[in-house]
file work38.txt (compact mmCIF, C-alpha atoms)
# COMPACT_ATOMS: atom_id res chain seq x y z
CA MET A 1 0.00 0.00 0.00
CA GLY A 2 1.45 3.28 -1.06
CA ARG A 3 1.62 6.33 1.15
CA LYS A 4 -1.11 8.05 -0.84
CA ASP A 5 -3.50 5.10 -0.39
CA TRP A 6 -2.75 4.94 3.34
CA LEU A 7 -3.50 8.63 3.80
CA ALA A 8 -6.77 8.31 1.87
CA MET A 9 -7.89 5.40 4.03
CA ARG A 10 -6.97 7.24 7.22
CA SER A 11 -8.90 10.34 6.11
CA SER A 12 -11.97 8.24 5.30
CA SER A 13 -11.77 6.52 8.71
CA TRP A 14 -11.48 9.87 10.50
CA ASN A 15 -14.52 11.28 8.66
CA GLY A 16 -16.55 8.22 9.57
CA TRP A 17 -15.58 8.47 13.23
CA ARG A 18 -16.42 12.18 13.24
CA ARG A 19 -19.86 11.50 11.73
CA SER A 20 -20.46 8.84 14.37
CA LEU A 21 -19.49 11.26 17.13
CA VAL A 22 -21.84 13.95 15.82
CA PHE A 23 -24.67 11.40 15.56
CA PHE A 24 -23.98 10.19 19.12
CA LEU A 25 -24.01 13.73 20.52
CA LEU A 26 -27.24 14.51 18.67
CA VAL A 27 -28.96 11.41 20.08
CA LEU A 28 -27.67 12.25 23.57
CA PHE A 29 -29.03 15.81 23.29
CA ILE A 30 -32.47 14.51 22.24
CA LEU A 31 -32.55 11.97 25.09
CA LEU A 32 -31.57 14.57 27.69
CA ASN A 33 -34.30 16.94 26.50
CA LEU A 34 -36.85 14.14 26.50
CA PHE A 35 -35.84 13.21 30.07
CA TYR A 36 -36.18 16.88 31.16
CA VAL A 37 -39.68 17.16 29.67
CA LEU A 38 -40.78 13.93 31.35
CA GLU A 39 -39.37 15.12 34.68
CA LEU A 40 -41.34 18.39 34.46
CA HIS A 41 -44.57 16.53 33.79
CA GLN A 42 -44.00 14.12 36.67
CA ASN A 43 -42.80 16.79 39.10
CA PRO A 44 -44.55 20.15 38.49
CA ALA A 45 -42.70 21.65 41.46
CA ALA A 46 -39.50 21.36 39.44
CA GLN A 47 -40.84 23.84 36.90
CA PRO A 48 -39.55 27.40 37.14
CA PRO A 49 -42.14 29.71 38.78
CA PRO A 50 -44.21 31.62 36.22
CA LYS A 51 -43.56 35.31 35.93
CA LYS A 52 -46.19 37.33 37.78
CA MET A 53 -48.24 39.60 35.62
CA ASN A 54 -49.30 43.01 36.88
CA THR A 55 -53.06 42.71 36.67
CA LYS A 56 -53.90 45.97 38.44
CA PHE A 57 -54.74 48.76 36.03
CA ASP A 58 -54.15 52.50 36.29
CA HIS A 59 -57.04 53.28 33.95
CA LEU A 60 -60.64 52.23 33.52
CA VAL A 61 -61.00 48.80 31.86
CA LEU A 62 -64.42 47.81 30.50
CA GLY A 63 -65.63 44.54 29.05
CA PRO A 64 -68.95 42.79 28.41
CA ALA A 65 -71.65 43.28 31.03
CA ALA A 66 -72.49 40.12 32.99
CA GLY A 67 -76.09 39.07 33.52
CA GLN A 68 -77.41 40.15 30.13
CA GLY A 69 -80.63 38.34 29.30
CA LEU A 70 -81.15 37.18 32.89
CA PRO A 71 -84.31 38.26 34.73
CA ASN A 72 -84.07 40.87 37.49
CA ARG A 73 -80.61 41.92 36.36
CA LEU A 74 -79.45 45.27 35.03
CA GLN A 75 -79.39 45.21 31.22
CA CYS A 76 -76.89 47.48 29.49
CA GLN A 77 -76.05 48.52 25.96
CA GLY A 78 -72.59 49.89 26.48
CA THR A 79 -72.93 52.34 29.37
CA LYS A 80 -76.61 52.89 28.62
CA ALA A 81 -79.06 51.21 31.00
CA LEU A 82 -81.98 49.57 29.22
CA ASN A 83 -84.24 48.67 32.16
CA LYS A 84 -84.66 51.38 34.76
CA THR A 85 -87.26 49.82 37.01
CA HIS A 86 -87.54 52.60 39.58
CA THR A 87 -86.72 56.24 40.03
CA PRO A 88 -84.41 57.08 42.94
CA SER A 89 -86.69 58.84 45.41
CA SER A 90 -86.59 60.53 48.78
CA SER A 91 -88.03 58.95 51.91
CA ASN A 92 -90.38 60.47 54.43
CA ALA A 93 -88.84 63.70 55.68
CA GLY A 94 -90.32 63.23 59.17
CA GLU A 95 -87.37 61.11 60.40
CA SER A 96 -83.79 61.88 59.48
CA VAL A 97 -81.07 59.40 58.59
CA SER A 98 -77.39 59.88 59.42
CA PHE A 99 -74.55 57.92 57.88
CA VAL A 100 -71.70 57.15 60.27
CA THR A 101 -68.23 56.07 59.20
CA VAL A 102 -64.82 55.73 60.83
CA PHE A 103 -61.97 57.49 59.08
CA THR A 104 -58.53 58.65 60.13
CA VAL A 105 -55.50 60.22 58.47
CA TYR A 106 -52.11 58.53 58.84
CA ASN A 107 -48.74 60.23 58.59
CA THR A 108 -47.29 59.59 55.15
CA SER A 109 -43.63 59.40 54.22
CA LEU A 110 -41.94 61.75 51.79
CA ALA A 111 -41.81 58.86 49.29
CA ASP A 112 -45.62 58.66 49.27
CA SER A 113 -45.88 62.26 48.05
CA ARG A 114 -43.38 61.97 45.18
CA LEU A 115 -44.60 62.53 41.64
CA SER A 116 -43.83 58.90 40.79
CA ASN A 117 -46.48 57.82 43.30
CA LEU A 118 -49.21 60.08 41.97
CA VAL A 119 -52.32 58.50 40.47
CA THR A 120 -54.60 60.29 38.04
CA VAL A 121 -58.37 59.94 37.79
CA GLY A 122 -60.04 62.17 35.25
CA ASN A 123 -58.39 65.57 35.48
CA ALA A 124 -57.18 65.16 39.07
CA SER A 125 -53.99 63.63 40.45
CA TYR A 126 -53.63 62.29 43.99
CA THR A 127 -50.89 61.32 46.41
CA LYS A 128 -51.46 58.28 48.62
CA MET A 129 -53.09 60.34 51.38
CA GLU A 130 -55.10 62.39 48.89
CA ARG A 131 -56.56 59.19 47.41
CA SER A 132 -58.13 58.33 50.78
CA MET A 133 -59.56 61.83 51.11
CA ALA A 134 -60.89 61.67 47.55
CA VAL A 135 -62.70 58.40 48.35
CA LEU A 136 -64.17 59.97 51.51
CA ASN A 137 -65.40 62.99 49.54
CA VAL A 138 -66.99 60.79 46.88
CA PHE A 139 -68.66 58.77 49.65
CA VAL A 140 -70.27 62.01 50.83
CA ASN A 141 -71.08 63.08 47.26
CA PHE A 142 -73.15 59.96 46.54
CA ILE A 143 -75.11 60.35 49.79
CA GLN A 144 -75.89 63.99 49.08
CA VAL A 145 -77.17 63.10 45.60
CA THR A 146 -79.41 60.18 46.57
CA MET A 147 -80.36 61.30 50.11
CA PRO A 148 -79.89 65.09 50.18
CA ARG A 149 -81.65 65.52 53.56
CA SER A 150 -79.38 63.08 55.37
CA ASN A 151 -76.29 63.84 57.44
CA VAL A 152 -72.82 62.32 57.54
CA VAL A 153 -70.87 61.78 60.77
CA ILE A 154 -67.18 60.92 60.57
CA LEU A 155 -65.77 59.27 63.71
CA THR A 156 -62.04 59.89 63.91
CA ASP A 157 -58.93 59.94 66.07
CA PRO A 158 -58.69 63.28 67.95
CA ALA A 159 -55.01 63.34 66.98
CA SER A 160 -55.86 62.98 63.31
CA ASP A 161 -55.43 66.04 61.12
CA LEU A 162 -58.78 65.54 59.41
CA SER A 163 -60.27 68.63 57.86
CA LEU A 164 -63.50 68.25 55.90
CA ARG A 165 -65.67 71.35 55.69
CA ARG A 166 -68.85 70.37 53.93
CA ASN A 167 -72.54 70.96 54.49
CA SER A 168 -74.31 68.32 56.61
CA VAL A 169 -70.98 66.65 57.50
CA THR A 170 -69.76 66.47 61.11
CA VAL A 171 -66.30 65.31 62.19
CA TYR A 172 -66.70 63.62 65.58
CA PRO A 173 -63.45 62.80 67.48
CA ILE A 174 -63.48 59.73 69.74
CA GLN A 175 -60.47 58.64 71.76
CA GLY A 176 -58.99 55.25 70.94
CA ASP A 177 -56.32 53.23 69.15
CA TYR A 178 -56.71 53.95 65.44
CA SER A 179 -53.46 52.29 64.39
CA ARG A 180 -53.74 50.22 61.22
CA ASP A 181 -53.34 46.97 63.17
CA LYS A 182 -56.25 47.80 65.48
CA LEU A 183 -58.52 49.87 63.25
CA MET A 184 -61.31 47.29 62.82
CA LEU A 185 -61.36 46.68 66.57
CA GLN A 186 -61.42 50.41 67.25
CA ARG A 187 -64.24 50.86 64.77
CA ILE A 188 -66.58 48.74 66.90
CA ARG A 189 -65.50 50.62 70.02
CA SER A 190 -66.17 53.94 68.29
CA TYR A 191 -69.62 52.75 67.19
CA ILE A 192 -70.44 51.80 70.79
CA THR A 193 -69.23 55.15 72.15
CA PHE A 194 -71.22 57.02 69.51
CA LEU A 195 -74.41 55.09 70.39
CA GLU A 196 -73.87 55.89 74.07
CA THR A 197 -73.75 59.61 73.29
CA ARG A 198 -76.94 59.27 71.20
CA LEU A 199 -78.70 57.69 74.19
CA GLU A 200 -77.67 60.61 76.37
CA GLU A 201 -78.96 63.11 73.81
CA LEU A 202 -82.25 61.24 73.44
CA ALA A 203 -82.74 61.35 77.20
CA GLN A 204 -82.56 65.15 77.00
CA ASN A 205 -84.54 65.49 73.76
CA PRO A 206 -86.73 62.38 73.34
CA GLY A 207 -88.72 63.83 70.44
CA HIS A 208 -85.78 64.00 68.03
CA ILE A 209 -85.48 60.67 66.21
CA SER A 210 -82.62 60.06 63.80
CA HIS A 211 -81.80 56.66 62.34
CA TYR A 212 -78.19 55.64 61.81
CA ILE A 213 -76.45 53.66 59.11
CA PHE A 214 -72.85 52.70 59.95
CA THR A 215 -70.85 52.01 56.79
CA ASP A 216 -67.40 51.75 55.30
CA SER A 217 -66.34 54.91 53.51
CA ASP A 218 -65.73 53.11 50.20
CA ILE A 219 -69.42 52.67 49.39
CA ALA A 220 -71.74 54.49 47.01
CA VAL A 221 -75.35 54.91 48.11
CA VAL A 222 -77.25 54.71 44.82
CA ASP A 223 -80.83 54.76 46.11
CA ASP A 224 -82.68 56.18 49.10
CA LEU A 225 -82.22 53.97 52.18
CA GLY A 226 -84.71 55.85 54.36
CA HIS A 227 -87.45 53.49 53.17
CA LEU A 228 -85.67 50.68 55.04
CA PHE A 229 -86.91 51.97 58.39
CA ASN A 230 -90.49 52.36 57.11
CA ASP A 231 -90.70 49.07 55.22
CA HIS A 232 -89.30 47.07 58.16
CA PRO A 233 -90.76 48.74 61.28
CA ASN A 234 -89.88 46.03 63.81
CA PHE A 235 -86.08 45.79 63.78
CA HIS A 236 -83.60 47.31 66.21
CA LEU A 237 -80.52 46.86 64.02
CA ALA A 238 -79.87 45.47 60.56
CA LEU A 239 -76.91 43.50 59.18
CA THR A 240 -76.08 42.44 55.63
CA PHE A 241 -75.46 38.79 54.76
CA ARG A 242 -74.22 36.72 51.83
CA ASN A 243 -73.94 33.03 51.00
CA ASN A 244 -70.44 32.61 52.42
CA LYS A 245 -69.85 29.80 54.91
CA GLU A 246 -66.86 31.36 56.72
CA GLN A 247 -67.86 35.03 56.52
CA PRO A 248 -71.63 35.24 56.02
CA LEU A 249 -71.92 38.75 57.49
CA ASN A 250 -70.32 41.92 56.16
CA SER A 251 -69.59 44.63 58.72
CA GLY A 252 -69.54 47.40 56.12
CA PHE A 253 -73.25 48.14 56.62
CA ILE A 254 -75.05 48.22 59.99
CA ALA A 255 -78.33 50.09 60.35
CA VAL A 256 -79.70 51.14 63.76
CA ARG A 257 -83.21 52.47 64.37
CA GLY A 258 -83.16 55.82 66.14
CA THR A 259 -85.39 54.98 69.13
CA ALA A 260 -83.86 54.77 72.61
CA ASP A 261 -84.78 51.08 72.93
CA ALA A 262 -83.24 50.17 69.56
CA ILE A 263 -80.05 52.15 70.21
CA LEU A 264 -79.65 50.50 73.61
CA ARG A 265 -80.15 47.00 72.20
CA ALA A 266 -77.79 47.71 69.28
CA LYS A 267 -75.15 48.93 71.73
CA ILE A 268 -75.47 45.76 73.85
CA PHE A 269 -75.28 43.61 70.72
CA LEU A 270 -72.10 45.36 69.54
CA GLN A 271 -70.59 45.05 73.02
CA GLU A 272 -71.08 41.30 72.76
CA VAL A 273 -69.45 41.33 69.31
CA LEU A 274 -66.53 43.30 70.77
CA LYS A 275 -66.17 40.76 73.56
CA VAL A 276 -66.05 37.90 71.04
CA TYR A 277 -63.59 39.85 68.88
CA SER A 278 -61.22 40.52 71.80
CA SER A 279 -61.30 36.93 73.07
CA LYS A 280 -61.28 34.90 69.85
CA PHE A 281 -60.14 36.90 66.83
CA MET A 282 -57.36 39.27 67.89
CA SER A 283 -55.07 37.57 65.38
CA ALA A 284 -57.31 39.14 62.72
CA SER A 285 -57.50 42.58 64.34
CA ARG A 286 -56.18 44.31 61.22
CA MET A 287 -58.72 42.80 58.84
CA LEU A 288 -61.79 40.51 58.95
CA GLY A 289 -61.81 40.08 62.74
CA ASP A 290 -65.00 42.14 63.09
CA GLN A 291 -66.78 40.04 60.46
CA LEU A 292 -65.69 36.81 62.11
CA ALA A 293 -66.86 38.11 65.49
CA LEU A 294 -70.22 39.19 64.03
CA ALA A 295 -70.72 35.74 62.51
CA TRP A 296 -69.78 34.04 65.78
CA ALA A 297 -72.21 36.17 67.80
CA VAL A 298 -75.04 35.30 65.41
CA LYS A 299 -74.27 31.67 64.62
CA SER A 300 -73.78 30.74 68.27
CA HIS A 301 -77.31 31.88 69.09
CA PRO A 302 -79.42 28.77 69.88
CA GLY A 303 -81.74 27.74 67.11
CA PHE A 304 -80.32 30.05 64.45
CA ASP A 305 -80.76 28.45 61.01
CA LEU A 306 -77.65 29.05 58.89
CA ARG A 307 -79.50 27.88 55.78
CA ARG A 308 -81.29 31.24 55.71
CA PHE A 309 -78.03 32.82 54.49
CA THR A 310 -78.27 30.82 51.25
CA LYS A 311 -81.29 32.77 49.97
CA ALA A 312 -81.07 36.47 49.15
CA GLN A 313 -84.20 37.34 51.10
CA ALA A 314 -84.52 39.64 54.12
CA PHE A 315 -85.53 38.00 57.41
CA LEU A 316 -85.94 39.00 61.07
CA GLU A 317 -84.38 37.13 64.00
CA ASN A 318 -84.09 37.75 67.75
CA ILE A 319 -80.43 37.65 68.76
CA GLY A 320 -79.63 38.21 72.41
CA GLY A 321 -82.70 40.35 73.01
CA ALA A 322 -82.22 42.46 69.89
CA SER A 323 -84.51 42.23 66.87
CA VAL A 324 -81.99 41.87 64.04
CA LEU A 325 -83.01 42.37 60.42
CA PHE A 326 -80.80 40.45 58.00
CA LEU A 327 -80.59 42.11 54.59
CA PRO A 328 -79.06 40.52 51.47
CA CYS A 329 -75.74 41.99 50.38
CA ALA A 330 -77.02 41.64 46.81
CA THR A 331 -79.21 44.69 47.48
CA TYR A 332 -77.71 46.57 50.41
CA ASN A 333 -74.01 45.81 50.09
CA TRP A 334 -73.34 44.75 46.50
CA THR A 335 -69.73 44.55 45.44
CA PRO A 336 -68.06 43.84 42.08
CA PRO A 337 -66.98 40.18 42.01
CA GLU A 338 -63.50 39.02 42.96
CA GLY A 339 -61.64 35.83 42.06
CA ALA A 340 -63.10 32.84 40.25
CA GLY A 341 -66.69 31.68 40.20
CA GLN A 342 -69.83 32.63 38.37
CA PHE A 343 -70.90 36.23 37.99
CA HIS A 344 -74.57 36.77 37.33
CA GLY A 345 -74.53 40.53 36.93
CA MET A 346 -76.07 43.27 39.05
CA PRO A 347 -79.52 42.93 40.67
CA LEU A 348 -82.00 45.62 39.62
CA ASP A 349 -82.76 46.63 43.20
CA VAL A 350 -79.19 47.48 44.23
CA LYS A 351 -79.11 50.33 46.75
CA VAL A 352 -75.47 50.26 47.90
CA VAL A 353 -72.34 49.51 45.86
CA HIS A 354 -69.30 48.59 47.94
CA PHE A 355 -65.94 49.24 46.22
CA LYS A 356 -63.89 46.84 48.30
CA GLY A 357 -60.21 46.08 47.81
CA SER A 358 -58.59 47.34 44.62
CA ARG A 359 -61.76 49.09 43.42
CA LYS A 360 -61.24 52.58 44.84
CA ARG A 361 -60.25 53.93 41.42
CA LEU A 362 -63.51 52.53 40.04
CA MET A 363 -65.41 54.43 42.75
CA LEU A 364 -63.82 57.73 41.70
CA GLU A 365 -64.28 56.94 38.00
CA SER A 366 -67.95 56.15 38.66
CA TRP A 367 -68.48 59.51 40.35
CA ASN A 368 -66.77 61.30 37.45
CA PHE A 369 -69.10 59.50 35.05
CA LEU A 370 -72.19 60.36 37.10
CA SER A 371 -71.12 64.00 37.29
CA SER A 372 -71.16 64.20 33.49
CA SER A 373 -74.12 61.91 32.71
CA SER A 374 -76.44 62.62 35.69
CA ASP A 375 -77.93 59.12 35.25
CA ILE A 376 -77.23 56.76 38.11
CA PHE A 377 -78.39 53.69 36.16
CA ASP A 378 -75.95 54.42 33.33
CA MET A 379 -73.26 54.76 35.99
CA LEU A 380 -74.19 51.34 37.34
CA CYS A 381 -73.66 49.97 33.82
CA LEU A 382 -70.15 51.42 33.94
CA VAL A 383 -69.52 49.57 37.23
CA LEU A 384 -70.96 46.37 35.75
CA LEU A 385 -68.82 46.64 32.60
CA SER A 386 -65.70 46.85 34.79
CA GLY A 387 -66.47 43.31 35.94
CA ARG A 388 -63.65 41.62 37.87
CA THR A 389 -61.06 44.22 36.96
CA LYS A 390 -58.72 45.23 39.78
CA TYR A 391 -57.08 48.63 39.87
CA ASP A 392 -53.95 50.23 41.25
CA PHE A 393 -55.82 51.46 44.33
call {"tool": "encode", "arguments": {"input": "work38.txt", "output": "structure tokens"}}
result
Amino acid sequence: MGRKDWLAMRSSSWNGWRRSLVFFLLVLFILLNLFYVLELHQNPAAQPPPKKMNTKFDHLVLGPAAGQGLPNRLQCQGTKALNKTHTPSSSNAGESVSFVTVFTVYNTSLADSRLSNLVTVGNASYTKMERSMAVLNVFVNFIQVTMPRSNVVILTDPASDLSLRRNSVTVYPIQGDYSRDKLMLQRIRSYITFLETRLEELAQNPGHISHYIFTDSDIAVVDDLGHLFNDHPNFHLALTFRNNKEQPLNSGFIAVRGTADAILRAKIFLQEVLKVYSSKFMSASRMLGDQLALAWAVKSHPGFDLRRFTKAQAFLENIGGASVLFLPCATYNWTPPEGAGQFHGMPLDVKVVHFKGSRKRLMLESWNFLSSSSDIFDMLCLVLLSGRTKYDF
């Protein structure tokens, strides 16, 4: 074999070995990828965590309106209401109604007031503290539109720098612990103190009857609530309920009849709730503890039928000597839906819309819309079109 033939054979052998090596590496690569895919399917925890999407919007987001075609639900064509079943009206002027809410101002850091933290709604921009004040003002605005003869009482920390000069609005300082961690606990204490002062005033002036509705400040009253006290003449206090096993009662709406007997019984009832709160639910003092305590005080009453919470119908029950009217949240404390589950739209008889959680922007946007359209039913279509959308505040 000559040198040339030997070199040719060696070159051919080398090329064959190189092709074999490439083929082997390719097969190995495929097998490793196949093994990785199988491992991910068998062990989902091994998968890299998905990137979190920012689902809170800094502008109004509208979609299709839920509940279209269903009976007793608001029907909308865009932001135009198609079935206005009643005209918002005023109740009997003989007895006044006062709305009572707890609100305080917290010291904000310099960072909270920077331009980068400003939010804009319509033509106005707000810092973090100004957002809270804007929500409080809109709360008052809705009441003065739908119930112009009513009053608003704001219970607050005496140390709070709360300045709100508006007609028919009273700022009422009550001593207590208004820190964020204890605010829900303090709210019940403030309610009790306020009712005690009302009893003292009634003793001096028994002819002046004023009913009270204690609410969160992030609600919009969209129909006259004065009829509640006429249509249901036998209750001392009223609570709102929903079909929720763990938290059937919402503390964001509590109505108290303005008679001395009703105020006294409501005060005793709330004192019992406070006792339950302090002994059983202090771990939830920042949030939800009041609702858990309310539910405990009601559910622990002998003979109470929890199945009544599954139907959105008002009912009367004697709880600890107080005649308690249970009102469906669907009418008196309706809130845009959160999380998964079915959404059947907005009932036609909604009287209170509660902008809980990340819905404060929607509350301000709704007021802006109402200011320009002057039609509260069209505004409710706007709220309905927003659906499950969550906002930046």
call {"tool": "atom_distance", "arguments": {"input": "work38.txt", "atom1": "CA of Cys76 in chain A", "atom2": "CA of Pro347 in chain A"}}
result
12.4 Å
call {"tool": "residues_near_point", "arguments": {"input": "work38.txt", "point": "(-62.8, 52.0, 68.8)", "cutoff": "12 Å", "atoms": "all atoms listed in the file", "output": "ChimeraX atom specification"}}
result
/A:101-104,155-157,173-180,182-194,270-271,274,278,285,290
call {"tool": "write_last_selection", "arguments": {"input": "work38.txt", "atoms": "C-alpha atoms", "output": "short mmCIF file (atom, residue, chain, number, x, y, z; two decimals), in the coordinates of the input"}}
result
data_model
loop_
_atom_site.label_atom_id
_atom_site.label_comp_id
_atom_site.auth_asym_id
_atom_site.auth_seq_id
_atom_site.Cartn_x
_atom_site.Cartn_y
_atom_site.Cartn_z
CA THR A 101 -68.23 56.07 59.20
CA VAL A 102 -64.82 55.73 60.83
CA PHE A 103 -61.97 57.49 59.08
CA THR A 104 -58.53 58.65 60.13
CA LEU A 155 -65.77 59.27 63.71
CA THR A 156 -62.04 59.89 63.91
CA ASP A 157 -58.93 59.94 66.07
CA PRO A 173 -63.45 62.80 67.48
CA ILE A 174 -63.48 59.73 69.74
CA GLN A 175 -60.47 58.64 71.76
CA GLY A 176 -58.99 55.25 70.94
CA ASP A 177 -56.32 53.23 69.15
CA TYR A 178 -56.71 53.95 65.44
CA SER A 179 -53.46 52.29 64.39
CA ARG A 180 -53.74 50.22 61.22
CA LYS A 182 -56.25 47.80 65.48
CA LEU A 183 -58.52 49.87 63.25
CA MET A 184 -61.31 47.29 62.82
CA LEU A 185 -61.36 46.68 66.57
CA GLN A 186 -61.42 50.41 67.25
CA ARG A 187 -64.24 50.86 64.77
CA ILE A 188 -66.58 48.74 66.90
CA ARG A 189 -65.50 50.62 70.02
CA SER A 190 -66.17 53.94 68.29
CA TYR A 191 -69.62 52.75 67.19
CA ILE A 192 -70.44 51.80 70.79
CA THR A 193 -69.23 55.15 72.15
CA PHE A 194 -71.22 57.02 69.51
CA LEU A 270 -72.10 45.36 69.54
CA GLN A 271 -70.59 45.05 73.02
CA LEU A 274 -66.53 43.30 70.77
CA SER A 278 -61.22 40.52 71.80
CA SER A 285 -57.50 42.58 64.34
CA ASP A 290 -65.00 42.14 63.09
#
call {"tool": "residues_around", "arguments": {"input": "work38.txt", "residues": "Phe355 in chain A", "least_positions_apart": "6", "cutoff": "8 Å", "atoms": "all atoms listed in the file", "output": "ChimeraX atom specification"}}
result
/A:218-220,335-336,362-363
call {"tool": "write_last_selection", "arguments": {"input": "work38.txt", "atoms": "C-alpha atoms", "output": "PDB file, keeping the file's coordinate frame"}}
result
ATOM      1  CA  ASP A 218     -65.730  53.110  50.200  1.00  0.00           C
ATOM      2  CA  ILE A 219     -69.420  52.670  49.390  1.00  0.00           C
ATOM      3  CA  ALA A 220     -71.740  54.490  47.010  1.00  0.00           C
ATOM      4  CA  THR A 335     -69.730  44.550  45.440  1.00  0.00           C
ATOM      5  CA  PRO A 336     -68.060  43.840  42.080  1.00  0.00           C
ATOM      6  CA  LEU A 362     -63.510  52.530  40.040  1.00  0.00           C
ATOM      7  CA  MET A 363     -65.410  54.430  42.750  1.00  0.00           C
TER       8      MET A 363
END
call {"tool": "residues_around", "arguments": {"input": "work38.txt", "residues": "Ala262 in chain A", "least_positions_apart": "5", "cutoff": "8 Å", "atoms": "only C-alpha atoms", "output": "PyMOL selection string"}}
result
chain A and resi 235-237+256-257+322
call {"tool": "axis_aligned_box", "arguments": {"input": "work38.txt", "around": "range 354-372 of chain A", "padding_each_side": "5 Å", "output": "lines of an AutoDock Vina configuration file"}}
result
center_x = -65.4
center_y = 55.1
center_z = 40.9
size_x = 23.6
size_y = 28.1
size_z = 24.8
call {"tool": "residues_near_point", "arguments": {"input": "work38.txt", "point": "(-67.6, 48.3, 50.2)", "cutoff": "12 Å", "atoms": "only C-alpha atoms", "output": "number ranges by chain"}}
result
A: 101, 135, 139, 214-221, 240, 250-253, 329, 332-337, 352-360, 362-363
call {"tool": "atom_distance", "arguments": {"input": "work38.txt", "atom1": "CA of Val97 in chain A", "atom2": "CA of Ser150 in chain A"}}
result
5.2 Å
call {"tool": "atom_distance", "arguments": {"input": "work38.txt", "atom1": "CA of Ala260 in chain A", "atom2": "CA of Leu199 in chain A"}}
result
6.1 Å
call {"tool": "closest_residue", "arguments": {"input": "work38.txt", "among": "A:Met282, A:Ala238, A:Val383, A:Ala266", "to": "Leu327 in chain A", "atoms": "all atoms listed in the file"}}
result
A:Ala238
call {"tool": "residues_around", "arguments": {"input": "work38.txt", "residues": "Leu74 in chain A", "least_positions_apart": "6", "cutoff": "8 Å", "atoms": "all atoms listed in the file", "output": "PyMOL selection string"}}
result
chain A and resi 67-68+81-83+345-348+381
call {"tool": "residues_around", "arguments": {"input": "work38.txt", "residues": "range 294-299 of chain A", "least_positions_apart": "3", "cutoff": "6 Å", "atoms": "all atoms listed in the file", "output": "list in words"}}
result
Leu249, Val273 and Gln291 of chain A
call {"tool": "closest_residue", "arguments": {"input": "work38.txt", "among": "A:Asn318, A:Ser323, A:Thr259, A:Thr197", "to": "Gly303 in chain A", "atoms": "only C-alpha atoms"}}
result
A:Asn318
call {"tool": "closest_residue", "arguments": {"input": "work38.txt", "among": "A:Val105, A:Met133, A:Ala66, A:Leu225", "to": "Gly387 in chain A", "atoms": "all atoms listed in the file"}}
result
A:Ala66
